[in-house]
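**Q** Provided herewith is a single structure, encoded as structure tokens, for subsequent inquiry.
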Amino acid sequence: MMFRKLAAAAALAIALGSASGLAAAPPKPAPLTLLISIDAFRPDYLTRGVTPNLSGLAAGGAFAEMRPSFPSKTFPNHYTLVTGRRPDENGIVANNMRDEAHPGVTFAMSNREAVKDGTWWDQAQPIWVTAEQAGMITAPIYWPGSEADYHGQHAHYTSTFDVKTNSQARVDMDLAVLDKPPAERPRFMTLYFDAVDTAGHHSGPDSPELGAAAAEVDAAIGQLLAGLKARGVVANIVIVSDHGMAPLSPDRRVFIDDILTAGTYTTLDLGPIGTVYPAAGHEADVEKALLAPREHMQCWRKADIPARFHYGKNPRVAPLFCLPETGWVVTTHKSRPPEKGDHGYDNFSPEMRATFIANGPAFRHGVTLKTFDNVDVYPLLAKLLGVTPQPNDGNLADLAAALTK
Ligand code: AMP
Ligand code: ZN
Ligand code: ZN
């Protein structure tokens, strides 16, 4: 019925167009949804006077300090942002993981084979797969998980992550996809910058190097905005970071080899989080030593991790999990002293806060939202794309004040 009415209206429009000698105008393409991640970009970096483009987008759109999911690490949070499921539910529970379903394999960001293996990423459906299933072209370039198939489905445009590609070249990669013929252009696209994260680790969140990296990424964003304008691309731009950055000091170390006996355990992550696997036959003594109360670090059996972290049910979470106080690290006497900054800590720590900026026709101007959990970004993306979201942990109502309608 609805279809017949529309068909009649279209026929009338065509008749009117030909009667007046005018061709019917081609329909305007729907706005591009452009999701940009600036790894480890803390909200306070916007106040350092080096980010005119980002600050302009925030002022002309919506801004919030966003709470990352736990643990405040890169891969878990990137997958949360595009699935709306917390790490315990989306399966990317850490940057480094083991799984009995993958005997002898350690998932790590540097393990290219694992990063491309869809069976690590198949516990939650990323937004680009939902959009592709709805008939859209997507380009989740450099987004963690985009190099893998999801149950056999792949995004239209992807690229093998190369850390050496500089910020400007990453922008050029995206613009090149937008130069495709109209029928081959994406409705959803991502862009990822790691320069700010690298500077935060190497030089610390309060260093001049951090300011220089923030300025570099801001300039790349400026180049992107100019590129979109030159191409007449209308976009809803959502800029996020995955977590913040805490300053470290060699004076703030907890030594796990002072707590546990060599040969009774192995670790996978050490630093802002510690993941511990007791050796066979040593479960009880390793547990007893780790679970004893101590200053600057708390450890739990995975089943006893406090509920507010929403963490510990997934088989990929290590049996024993340690969380140092923010700014402290768990390490060994043999390890190098810590870098100047790190993340992974309690996702409620102010230092771990992430950034949210949204700008475009879907967003009101000059809105500052209350802090929300990063699981809310996914239902926002679904709304921008007009697709039905998969079951998720987010709530679009938290962002309603930012939307024009
Ligand atoms: P983190 O160790 O949590 O600080 O992770 C940040 C690092 O992850 C950055 O140095 C990035 O270069 C790296 N990274 C980001 N995306 C990818 C990816 N898709 N594949 C491999 N490494 C990545
Ligand atoms: Zn990160
Ligand atoms: Zn990092």
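Chain lettering (A, B, ...) mirrors the order of the structure tokens, residue numbering begins at 1 for each chain separately, and ligand numbering begins at 1 in order of display.
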Can you pull out every residue within 7 Å of range 215-221 of chain A, counting only C-alpha atoms, but drop anything in the same chain fewer than 6 positions away, and send it as a list in words?

**A**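 The filter keeps Val50, Thr51, Asn53, Leu54, Ser167, Gln168 and Val171 of chain A.
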
**Q** Taking a cut-off of 9 Å and counting only C-alpha atoms and all ligand atoms, can you build a table that, for each residue of chain A near ligand 1, reports the nearest atom pair and how far apart they are in Å (one decimal), sorted by chain then residue number, as JSON lines?

**A**
```
{"residue": "A:Asp39", "atom": "CA", "partner": "ligand 1", "partner_atom_place_in_ligand_line": "6 (C)", "distance": 7.0}
{"residue": "A:Ala40", "atom": "CA", "partner": "ligand 1", "partner_atom_place_in_ligand_line": "4 (O)", "distance": 7.6}
{"residue": "A:Ser72", "atom": "CA", "partner": "ligand 1", "partner_atom_place_in_ligand_line": "3 (O)", "distance": 7.9}
{"residue": "A:Lys73", "atom": "CA", "partner": "ligand 1", "partner_atom_place_in_ligand_line": "3 (O)", "distance": 4.5}
{"residue": "A:Thr74", "atom": "CA", "partner": "ligand 1", "partner_atom_place_in_ligand_line": "3 (O)", "distance": 3.9}
{"residue": "A:Phe75", "atom": "CA", "partner": "ligand 1", "partner_atom_place_in_ligand_line": "3 (O)", "distance": 6.6}
{"residue": "A:Pro76", "atom": "CA", "partner": "ligand 1", "partner_atom_place_in_ligand_line": "3 (O)", "distance": 8.7}
{"residue": "A:His78", "atom": "CA", "partner": "ligand 1", "partner_atom_place_in_ligand_line": "16 (N)", "distance": 8.7}
{"residue": "A:Ala94", "atom": "CA", "partner": "ligand 1", "partner_atom_place_in_ligand_line": "3 (O)", "distance": 8.7}
{"residue": "A:Asn95", "atom": "CA", "partner": "ligand 1", "partner_atom_place_in_ligand_line": "3 (O)", "distance": 6.6}
{"residue": "A:Ala108", "atom": "CA", "partner": "ligand 1", "partner_atom_place_in_ligand_line": "21 (C)", "distance": 8.3}
{"residue": "A:Met109", "atom": "CA", "partner": "ligand 1", "partner_atom_place_in_ligand_line": "21 (C)", "distance": 4.6}
{"residue": "A:Ser110", "atom": "CA", "partner": "ligand 1", "partner_atom_place_in_ligand_line": "21 (C)", "distance": 5.8}
{"residue": "A:Asn111", "atom": "CA", "partner": "ligand 1", "partner_atom_place_in_ligand_line": "21 (C)", "distance": 8.0}
{"residue": "A:Arg112", "atom": "CA", "partner": "ligand 1", "partner_atom_place_in_ligand_line": "21 (C)", "distance": 7.3}
{"residue": "A:Val115", "atom": "CA", "partner": "ligand 1", "partner_atom_place_in_ligand_line": "20 (N)", "distance": 6.7}
{"residue": "A:Ile141", "atom": "CA", "partner": "ligand 1", "partner_atom_place_in_ligand_line": "19 (N)", "distance": 8.8}
{"residue": "A:Tyr142", "atom": "CA", "partner": "ligand 1", "partner_atom_place_in_ligand_line": "19 (N)", "distance": 5.2}
{"residue": "A:Trp143", "atom": "CA", "partner": "ligand 1", "partner_atom_place_in_ligand_line": "19 (N)", "distance": 5.4}
{"residue": "A:Pro144", "atom": "CA", "partner": "ligand 1", "partner_atom_place_in_ligand_line": "19 (N)", "distance": 4.1}
{"residue": "A:Gly145", "atom": "CA", "partner": "ligand 1", "partner_atom_place_in_ligand_line": "19 (N)", "distance": 6.8}
{"residue": "A:Ser146", "atom": "CA", "partner": "ligand 1", "partner_atom_place_in_ligand_line": "19 (N)", "distance": 7.5}
{"residue": "A:Glu147", "atom": "CA", "partner": "ligand 1", "partner_atom_place_in_ligand_line": "19 (N)", "distance": 7.5}
{"residue": "A:Thr160", "atom": "CA", "partner": "ligand 1", "partner_atom_place_in_ligand_line": "19 (N)", "distance": 7.5}
{"residue": "A:Phe161", "atom": "CA", "partner": "ligand 1", "partner_atom_place_in_ligand_line": "19 (N)", "distance": 5.1}
{"residue": "A:Asp162", "atom": "CA", "partner": "ligand 1", "partner_atom_place_in_ligand_line": "20 (N)", "distance": 7.4}
{"residue": "A:Val163", "atom": "CA", "partner": "ligand 1", "partner_atom_place_in_ligand_line": "12 (O)", "distance": 5.0}
{"residue": "A:Lys164", "atom": "CA", "partner": "ligand 1", "partner_atom_place_in_ligand_line": "12 (O)", "distance": 8.4}
{"residue": "A:Tyr192", "atom": "CA", "partner": "ligand 1", "partner_atom_place_in_ligand_line": "16 (N)", "distance": 7.5}
{"residue": "A:Phe193", "atom": "CA", "partner": "ligand 1", "partner_atom_place_in_ligand_line": "11 (C)", "distance": 8.1}
{"residue": "A:Asp194", "atom": "CA", "partner": "ligand 1", "partner_atom_place_in_ligand_line": "9 (C)", "distance": 5.4}
{"residue": "A:Ala195", "atom": "CA", "partner": "ligand 1", "partner_atom_place_in_ligand_line": "10 (O)", "distance": 7.9}
{"residue": "A:Asp197", "atom": "CA", "partner": "ligand 1", "partner_atom_place_in_ligand_line": "4 (O)", "distance": 6.2}
{"residue": "A:Thr198", "atom": "CA", "partner": "ligand 1", "partner_atom_place_in_ligand_line": "10 (O)", "distance": 6.0}
{"residue": "A:His201", "atom": "CA", "partner": "ligand 1", "partner_atom_place_in_ligand_line": "4 (O)", "distance": 7.6}
{"residue": "A:Asp242", "atom": "CA", "partner": "ligand 1", "partner_atom_place_in_ligand_line": "3 (O)", "distance": 8.9}
{"residue": "A:His243", "atom": "CA", "partner": "ligand 1", "partner_atom_place_in_ligand_line": "3 (O)", "distance": 8.9}
{"residue": "A:Asp342", "atom": "CA", "partner": "ligand 1", "partner_atom_place_in_ligand_line": "4 (O)", "distance": 7.3}
{"residue": "A:His343", "atom": "CA", "partner": "ligand 1", "partner_atom_place_in_ligand_line": "4 (O)", "distance": 7.2}
{"residue": "A:Gly344", "atom": "CA", "partner": "ligand 1", "partner_atom_place_in_ligand_line": "3 (O)", "distance": 7.5}
```

**Q** My list of candidates is A:Ala212, A:Met97, A:Met352, A:Ala226. Which is closest to ligand 3 when distances are computed with only C-alpha atoms and all ligand atoms?

**A**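 Closest to ligand 3, using only C-alpha atoms and all ligand atoms: A:Met352.
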
**Q** Applying 12 Å and only C-alpha atoms, which residues near Ala30 in chain A remain after dropping the ones on its own chain fewer than 3 positions away? List them as a ChimeraX atom specification.

**A** /A:27,33,136,182,185-188,233-236,361-362,384-386

**Q** Deliver the residues from the most recent selection as a file, using all heavy atoms, as a compact mmCIF listing (two decimals), in the first residue's frame.

**A**
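Produced file again37.txt, reproduced below:
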```txt
# COMPACT_ATOMS: atom_id res chain seq x y z
N PRO A 27 18.85 11.86 -5.86
CA PRO A 27 18.66 11.95 -4.41
C PRO A 27 20.00 12.25 -3.74
O PRO A 27 21.04 11.77 -4.19
CB PRO A 27 18.15 10.55 -4.04
CG PRO A 27 18.54 9.67 -5.19
CD PRO A 27 18.65 10.53 -6.40
N THR A 33 28.91 8.37 8.00
CA THR A 33 29.21 8.27 9.44
C THR A 33 30.70 7.97 9.55
O THR A 33 31.16 6.93 9.08
CB THR A 33 28.37 7.15 10.10
OG1 THR A 33 26.99 7.50 9.97
CG2 THR A 33 28.72 7.00 11.57
N MET A 136 24.90 -1.74 3.05
CA MET A 136 25.76 -0.55 2.97
C MET A 136 27.21 -0.96 2.71
O MET A 136 27.63 -2.05 3.07
CB MET A 136 25.72 0.22 4.29
CG MET A 136 24.37 0.82 4.56
SD MET A 136 24.31 1.52 6.20
CE MET A 136 22.54 1.62 6.42
N PRO A 182 30.63 7.31 -7.05
CA PRO A 182 29.57 7.40 -6.03
C PRO A 182 29.04 6.04 -5.57
O PRO A 182 28.84 5.83 -4.38
CB PRO A 182 28.48 8.23 -6.71
CG PRO A 182 29.22 9.07 -7.70
CD PRO A 182 30.41 8.26 -8.15
N ARG A 185 31.20 4.36 -2.83
CA ARG A 185 31.64 5.09 -1.63
C ARG A 185 30.98 4.53 -0.38
O ARG A 185 29.83 4.10 -0.42
CB ARG A 185 31.27 6.57 -1.77
CG ARG A 185 32.16 7.27 -2.78
CD ARG A 185 31.80 8.73 -2.92
NE ARG A 185 32.28 9.20 -4.21
CZ ARG A 185 31.77 10.22 -4.89
NH1 ARG A 185 30.75 10.91 -4.38
NH2 ARG A 185 32.27 10.56 -6.05
N PRO A 186 31.70 4.57 0.74
CA PRO A 186 31.15 3.98 1.97
C PRO A 186 30.16 4.90 2.68
O PRO A 186 30.23 6.12 2.55
CB PRO A 186 32.39 3.78 2.83
CG PRO A 186 33.35 4.82 2.37
CD PRO A 186 33.07 5.05 0.91
N ARG A 187 29.25 4.28 3.45
CA ARG A 187 28.35 5.00 4.34
C ARG A 187 28.97 5.11 5.74
O ARG A 187 28.59 5.93 6.55
CB ARG A 187 27.06 4.18 4.52
CG ARG A 187 25.76 4.63 3.89
CD ARG A 187 25.36 6.03 4.09
NE ARG A 187 24.90 6.41 5.43
CZ ARG A 187 23.74 6.10 5.95
NH1 ARG A 187 22.88 5.37 5.31
NH2 ARG A 187 23.42 6.55 7.14
N PHE A 188 29.89 4.18 6.02
CA PHE A 188 30.54 4.14 7.34
C PHE A 188 32.03 3.98 7.13
O PHE A 188 32.47 3.16 6.32
CB PHE A 188 30.00 2.96 8.16
CG PHE A 188 30.75 2.75 9.46
CD1 PHE A 188 30.51 3.58 10.56
CD2 PHE A 188 31.71 1.75 9.59
CE1 PHE A 188 31.20 3.40 11.74
CE2 PHE A 188 32.40 1.56 10.78
CZ PHE A 188 32.14 2.39 11.86
N VAL A 233 31.54 16.23 0.79
CA VAL A 233 31.03 15.11 1.59
C VAL A 233 30.41 15.65 2.89
O VAL A 233 31.08 16.35 3.65
CB VAL A 233 32.17 14.12 1.95
CG1 VAL A 233 31.67 13.03 2.89
CG2 VAL A 233 32.75 13.50 0.68
N VAL A 234 29.14 15.33 3.11
CA VAL A 234 28.49 15.69 4.37
C VAL A 234 28.66 14.50 5.31
O VAL A 234 28.37 13.36 4.95
CB VAL A 234 26.99 15.97 4.14
CG1 VAL A 234 26.29 16.26 5.46
CG2 VAL A 234 26.83 17.13 3.15
N ALA A 235 29.19 14.78 6.52
CA ALA A 235 29.49 13.67 7.43
C ALA A 235 29.04 13.98 8.85
O ALA A 235 29.12 15.11 9.31
CB ALA A 235 30.99 13.39 7.43
N ASN A 236 28.55 12.95 9.51
CA ASN A 236 28.42 12.98 10.96
C ASN A 236 29.71 12.39 11.50
O ASN A 236 30.02 11.21 11.28
CB ASN A 236 27.21 12.17 11.42
CG ASN A 236 25.93 12.92 11.16
OD1 ASN A 236 25.80 14.09 11.53
ND2 ASN A 236 24.98 12.26 10.49
N PRO A 361 25.37 17.08 10.82
CA PRO A 361 23.95 17.44 10.76
C PRO A 361 23.09 16.77 11.83
O PRO A 361 22.04 17.29 12.19
CB PRO A 361 23.52 17.00 9.35
CG PRO A 361 24.62 16.17 8.81
CD PRO A 361 25.86 16.53 9.54
N ALA A 362 23.53 15.62 12.34
CA ALA A 362 22.71 14.92 13.35
C ALA A 362 22.88 15.50 14.75
O ALA A 362 22.15 15.11 15.67
CB ALA A 362 23.07 13.43 13.37
N LEU A 384 22.78 6.64 13.64
CA LEU A 384 23.27 7.46 12.53
C LEU A 384 23.16 6.71 11.20
O LEU A 384 22.91 7.31 10.16
CB LEU A 384 24.73 7.88 12.78
CG LEU A 384 24.97 8.83 13.97
CD1 LEU A 384 26.47 9.06 14.17
CD2 LEU A 384 24.25 10.16 13.77
N LEU A 385 23.38 5.40 11.26
CA LEU A 385 23.34 4.59 10.04
C LEU A 385 21.93 4.12 9.69
O LEU A 385 21.69 3.62 8.59
CB LEU A 385 24.26 3.37 10.19
CG LEU A 385 25.76 3.70 10.20
CD1 LEU A 385 26.56 2.50 10.70
CD2 LEU A 385 26.23 4.10 8.81
N GLY A 386 21.02 4.23 10.66
CA GLY A 386 19.66 3.75 10.41
C GLY A 386 19.57 2.24 10.37
O GLY A 386 18.75 1.68 9.66
```

**Q** Could you tell me how far CA of Leu268 in chain A sits from CA of Ser203 in chain A, in Å to one decimal place?

**A**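 Here the two named atoms are 24.6 Å from each other.
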
**Q** Among range 307-378 of chain A, which ones does DSSP place in helix (DSSP H, G or I), written as a list in words?

**A**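 The helix (DSSP H, G or I) subset of range 307-378 of chain A is Ala307, Arg308, Phe309, Pro350, Glu351, Met352, Asn374, Val375, Asp376, Val377 and Tyr378 of chain A.
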
**Q** Since we have the selection now, will you write its residues out, keeping all heavy atoms, as a compact mmCIF listing (two decimals), in the first residue's frame?

**A**
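The resulting file, part.txt, is reproduced below:
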```txt
# COMPACT_ATOMS: atom_id res chain seq x y z
N ALA A 307 31.80 -6.19 40.88
CA ALA A 307 30.76 -6.16 39.83
C ALA A 307 30.87 -4.92 38.94
O ALA A 307 30.54 -4.96 37.76
CB ALA A 307 29.39 -6.22 40.47
N ARG A 308 31.35 -3.78 39.51
CA ARG A 308 31.34 -2.55 38.71
C ARG A 308 32.29 -2.63 37.51
O ARG A 308 32.18 -1.85 36.57
CB ARG A 308 31.70 -1.34 39.57
CG ARG A 308 33.13 -1.29 40.06
CD ARG A 308 33.30 -0.15 41.06
NE ARG A 308 34.65 -0.12 41.61
CZ ARG A 308 35.64 0.54 41.06
NH1 ARG A 308 35.47 1.20 39.93
NH2 ARG A 308 36.83 0.52 41.62
N PHE A 309 33.22 -3.60 37.53
CA PHE A 309 34.12 -3.76 36.38
C PHE A 309 33.48 -4.59 35.25
O PHE A 309 34.03 -4.64 34.15
CB PHE A 309 35.43 -4.42 36.81
CG PHE A 309 36.27 -3.56 37.71
CD1 PHE A 309 36.71 -4.04 38.94
CD2 PHE A 309 36.63 -2.28 37.34
CE1 PHE A 309 37.50 -3.24 39.78
CE2 PHE A 309 37.40 -1.47 38.16
CZ PHE A 309 37.84 -1.96 39.38
N PRO A 350 39.83 9.10 37.20
CA PRO A 350 39.76 10.29 36.33
C PRO A 350 40.83 10.27 35.23
O PRO A 350 40.57 10.70 34.11
CB PRO A 350 39.99 11.46 37.29
CG PRO A 350 39.82 10.92 38.66
CD PRO A 350 39.94 9.43 38.62
N GLU A 351 42.01 9.74 35.54
CA GLU A 351 43.09 9.71 34.54
C GLU A 351 42.76 8.82 33.34
O GLU A 351 43.38 8.94 32.28
CB GLU A 351 44.40 9.18 35.15
CG GLU A 351 44.97 10.01 36.28
CD GLU A 351 44.48 9.55 37.64
OE1 GLU A 351 43.32 9.08 37.76
OE2 GLU A 351 45.24 9.69 38.61
N MET A 352 41.83 7.89 33.53
CA MET A 352 41.48 6.96 32.43
C MET A 352 40.36 7.48 31.55
O MET A 352 40.00 6.85 30.54
CB MET A 352 41.10 5.58 32.99
CG MET A 352 42.25 4.83 33.62
SD MET A 352 43.61 4.52 32.47
CE MET A 352 44.84 5.72 33.01
N ASN A 374 31.33 4.11 27.53
CA ASN A 374 31.60 4.06 26.08
C ASN A 374 30.77 3.02 25.34
O ASN A 374 30.74 3.04 24.11
CB ASN A 374 33.10 3.90 25.79
CG ASN A 374 33.67 2.56 26.17
OD1 ASN A 374 33.02 1.74 26.83
ND2 ASN A 374 34.91 2.30 25.77
N VAL A 375 30.04 2.16 26.05
CA VAL A 375 29.11 1.25 25.36
C VAL A 375 27.99 2.01 24.66
O VAL A 375 27.34 1.46 23.76
CB VAL A 375 28.49 0.22 26.35
CG1 VAL A 375 29.51 -0.82 26.77
CG2 VAL A 375 27.88 0.91 27.57
N ASP A 376 27.78 3.27 25.04
CA ASP A 376 26.70 4.06 24.42
C ASP A 376 27.03 4.51 23.00
O ASP A 376 26.14 4.94 22.26
CB ASP A 376 26.41 5.32 25.25
CG ASP A 376 25.78 5.00 26.60
OD1 ASP A 376 25.28 3.88 26.78
OD2 ASP A 376 25.81 5.89 27.48
N VAL A 377 28.29 4.46 22.62
CA VAL A 377 28.66 4.93 21.27
C VAL A 377 28.03 4.02 20.21
O VAL A 377 27.60 4.50 19.15
CB VAL A 377 30.20 5.00 21.12
CG1 VAL A 377 30.61 5.25 19.67
CG2 VAL A 377 30.76 6.10 22.03
N TYR A 378 27.94 2.74 20.49
CA TYR A 378 27.42 1.80 19.50
C TYR A 378 25.95 2.09 19.11
O TYR A 378 25.65 2.20 17.92
CB TYR A 378 27.58 0.36 20.02
CG TYR A 378 26.87 -0.66 19.17
CD1 TYR A 378 27.43 -1.12 17.98
CD2 TYR A 378 25.62 -1.15 19.55
CE1 TYR A 378 26.76 -2.05 17.20
CE2 TYR A 378 24.95 -2.08 18.77
CZ TYR A 378 25.52 -2.52 17.60
OH TYR A 378 24.86 -3.43 16.82
```

**Q** Any idea what's packed within 12 Å of Met173 in chain A, counting only C-alpha atoms, ignoring anything in its chain fewer than 3 positions away? Could you give it as a ChimeraX atom specification?

**A** /A:139-142,157-161,165-170,176-180,189-192,220,224,227

**Q** How would the residues just chosen look if you wrote them out with C-alpha atoms as a short mmCIF file (atom, residue, chain, number, x, y, z; two decimals), in the first residue's frame?

**A**
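Contents of selection.cif, as written:
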```cif
data_model
loop_
_atom_site.label_atom_id
_atom_site.label_comp_id
_atom_site.auth_asym_id
_atom_site.auth_seq_id
_atom_site.Cartn_x
_atom_site.Cartn_y
_atom_site.Cartn_z
CA ALA A 139 35.37 1.06 5.38
CA PRO A 140 36.52 0.33 8.96
CA ILE A 141 40.10 1.19 8.07
CA TYR A 142 42.69 0.39 10.78
CA TYR A 157 37.24 -1.77 2.43
CA THR A 158 39.86 -2.74 5.00
CA SER A 159 43.57 -2.24 5.28
CA THR A 160 46.36 -4.13 7.03
CA PHE A 161 47.42 -2.07 10.04
CA THR A 165 51.85 5.06 8.37
CA ASN A 166 51.91 8.64 9.67
CA SER A 167 48.82 10.61 10.66
CA GLN A 168 48.61 12.55 7.37
CA ALA A 169 48.94 9.40 5.28
CA ARG A 170 46.10 7.81 7.29
CA ALA A 176 41.20 8.02 -1.39
CA VAL A 177 38.22 5.78 -0.57
CA LEU A 178 35.94 8.82 -0.77
CA ASP A 179 37.31 9.48 -4.27
CA LYS A 180 35.76 6.23 -5.53
CA MET A 189 34.24 4.75 7.69
CA THR A 190 36.88 4.85 10.43
CA LEU A 191 40.18 6.58 10.99
CA TYR A 192 42.70 5.72 13.71
CA ALA A 220 45.62 15.76 10.33
CA LEU A 224 40.56 15.67 6.76
CA GLY A 227 39.33 17.09 2.20
#
```

**Q** What's the separation between CA of Pro319 in chain A and CA of Val276 in chain A, in Å to one decimal place?

**A**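 Straight-line distance from CA of Pro319 in chain A to CA of Val276 in chain A works out to 6.7 Å.
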
**Q** Might you pull out every residue within 10 Å of Glu339 in chain A, with only C-alpha atoms counted and same-chain residues fewer than 4 positions away left off, and present them as number ranges by chain?

**A** A: 200-204, 247-250, 271

**Q** Would you list the contacts of Thr275 in chain A as a PDB file with C-alpha atoms, in the first residue's frame, taking every protein, DNA or RNA residue within 6 Å and counting only C-alpha atoms, but skipping same-chain residues closer than 4 positions in sequence?

**A**
```
ATOM      1  CA  THR A 267      51.988 -13.947  33.654  1.00  0.00           C
ATOM      2  CA  LEU A 268      50.628 -12.584  30.386  1.00  0.00           C
ATOM      3  CA  ASP A 269      50.078  -8.900  31.188  1.00  0.00           C
ATOM      4  CA  ALA A 318      43.046 -15.117  33.466  1.00  0.00           C
ATOM      5  CA  PHE A 321      43.716 -10.840  38.078  1.00  0.00           C
TER       6      PHE A 321
END
```

**Q** Smallest atom-to-atom distance to Lys302 in chain A: which of A:Phe255, A:Tyr277, A:Trp128, A:Tyr345, using only C-alpha atoms?

**A** A:Tyr277

**Q** Neighbouring residues of Val129 in chain A were defined as those with any atom within 9 Å, considering only C-alpha atoms; residues of the same chain fewer than 3 positions away were excluded. Please report them as a CSV table (one decimal) with all heavy atoms, in the first residue's frame.

**A**
```csv
chain,number,residue,atom,x,y,z
A,125,GLN,N,29.0,-8.8,17.3
A,125,GLN,CA,29.0,-8.3,15.9
A,125,GLN,C,29.4,-6.8,15.8
A,125,GLN,O,28.7,-6.0,16.4
A,125,GLN,CB,27.6,-8.5,15.3
A,125,GLN,CG,27.6,-8.2,13.8
A,125,GLN,CD,26.2,-8.5,13.2
A,125,GLN,OE1,25.4,-7.6,13.0
A,125,GLN,NE2,25.9,-9.8,12.9
A,126,PRO,N,30.4,-6.5,15.1
A,126,PRO,CA,30.8,-5.1,14.9
A,126,PRO,C,29.8,-4.3,14.0
A,126,PRO,O,29.2,-4.9,13.1
A,126,PRO,CB,32.2,-5.1,14.3
A,126,PRO,CG,32.3,-6.4,13.6
A,126,PRO,CD,31.4,-7.4,14.4
A,132,GLU,N,26.9,-3.7,6.6
A,132,GLU,CA,27.1,-4.4,5.4
A,132,GLU,C,25.8,-5.3,5.1
A,132,GLU,O,25.3,-5.4,4.0
A,132,GLU,CB,28.3,-5.3,5.4
A,132,GLU,CG,29.6,-4.5,5.4
A,132,GLU,CD,30.2,-4.1,4.0
A,132,GLU,OE1,29.7,-4.7,3.0
A,132,GLU,OE2,31.1,-3.3,3.9
A,133,GLN,N,25.4,-6.0,6.2
A,133,GLN,CA,24.2,-6.9,6.0
A,133,GLN,C,22.9,-6.1,5.6
A,133,GLN,O,22.0,-6.6,5.0
A,133,GLN,CB,23.9,-7.6,7.3
A,133,GLN,CG,25.0,-8.7,7.5
A,133,GLN,CD,24.8,-9.5,8.9
A,133,GLN,OE1,24.0,-9.1,9.7
A,133,GLN,NE2,25.6,-10.5,9.1
A,134,ALA,N,22.9,-4.8,6.0
A,134,ALA,CA,21.8,-3.9,5.6
A,134,ALA,C,22.1,-3.3,4.2
A,134,ALA,O,21.3,-2.4,3.7
A,134,ALA,CB,21.6,-2.8,6.6
A,138,THR,N,31.0,-0.3,3.8
A,138,THR,CA,31.7,0.2,4.9
A,138,THR,C,33.2,0.1,4.7
A,138,THR,O,33.7,-0.7,4.0
A,138,THR,CB,31.3,-0.6,6.2
A,138,THR,OG1,31.9,-1.9,6.2
A,138,THR,CG2,29.8,-0.7,6.4
A,150,TYR,N,33.9,-11.7,10.2
A,150,TYR,CA,33.0,-12.0,11.3
A,150,TYR,C,32.0,-13.0,10.8
A,150,TYR,O,31.2,-12.8,9.9
A,150,TYR,CB,32.2,-10.7,11.7
A,150,TYR,CG,31.2,-11.0,12.8
A,150,TYR,CD1,31.6,-11.1,14.1
A,150,TYR,CD2,29.9,-11.2,12.5
A,150,TYR,CE1,30.7,-11.4,15.1
A,150,TYR,CE2,29.0,-11.5,13.4
A,150,TYR,CZ,29.4,-11.6,14.8
A,150,TYR,OH,28.5,-11.9,15.7
A,153,GLN,N,31.8,-12.9,7.2
A,153,GLN,CA,31.5,-11.6,6.6
A,153,GLN,C,32.7,-10.6,6.8
A,153,GLN,O,33.2,-10.4,7.9
A,153,GLN,CB,30.3,-11.0,7.2
A,153,GLN,CG,29.9,-9.7,6.6
A,153,GLN,CD,28.5,-9.7,6.0
A,153,GLN,OE1,27.7,-10.5,6.4
A,153,GLN,NE2,28.2,-8.8,5.1
A,154,HIS,N,33.0,-9.9,5.7
A,154,HIS,CA,34.1,-9.0,5.7
A,154,HIS,C,33.6,-7.6,5.3
A,154,HIS,O,32.7,-7.5,4.5
A,154,HIS,CB,35.2,-9.4,4.7
A,154,HIS,CG,36.6,-9.0,5.1
A,154,HIS,ND1,37.3,-9.7,6.1
A,154,HIS,CD2,37.4,-8.0,4.7
A,154,HIS,CE1,38.5,-9.2,6.2
A,154,HIS,NE2,38.5,-8.1,5.4
A,155,ALA,N,34.2,-6.5,5.8
A,155,ALA,CA,33.8,-5.2,5.4
A,155,ALA,C,34.3,-5.0,4.0
A,155,ALA,O,35.3,-5.7,3.5
A,155,ALA,CB,34.5,-4.1,6.3
```

**Q** Among range 186-391 of chain A, which ones does DSSP assign to strand (DSSP E) (computed from the backbone)? Answer as a ChimeraX atom specification.

**A** /A:188-193,235-240,246-247,253-255,265-267,274-278,297-301,320-324,329-331,341-342,354-359,367-368,372-373
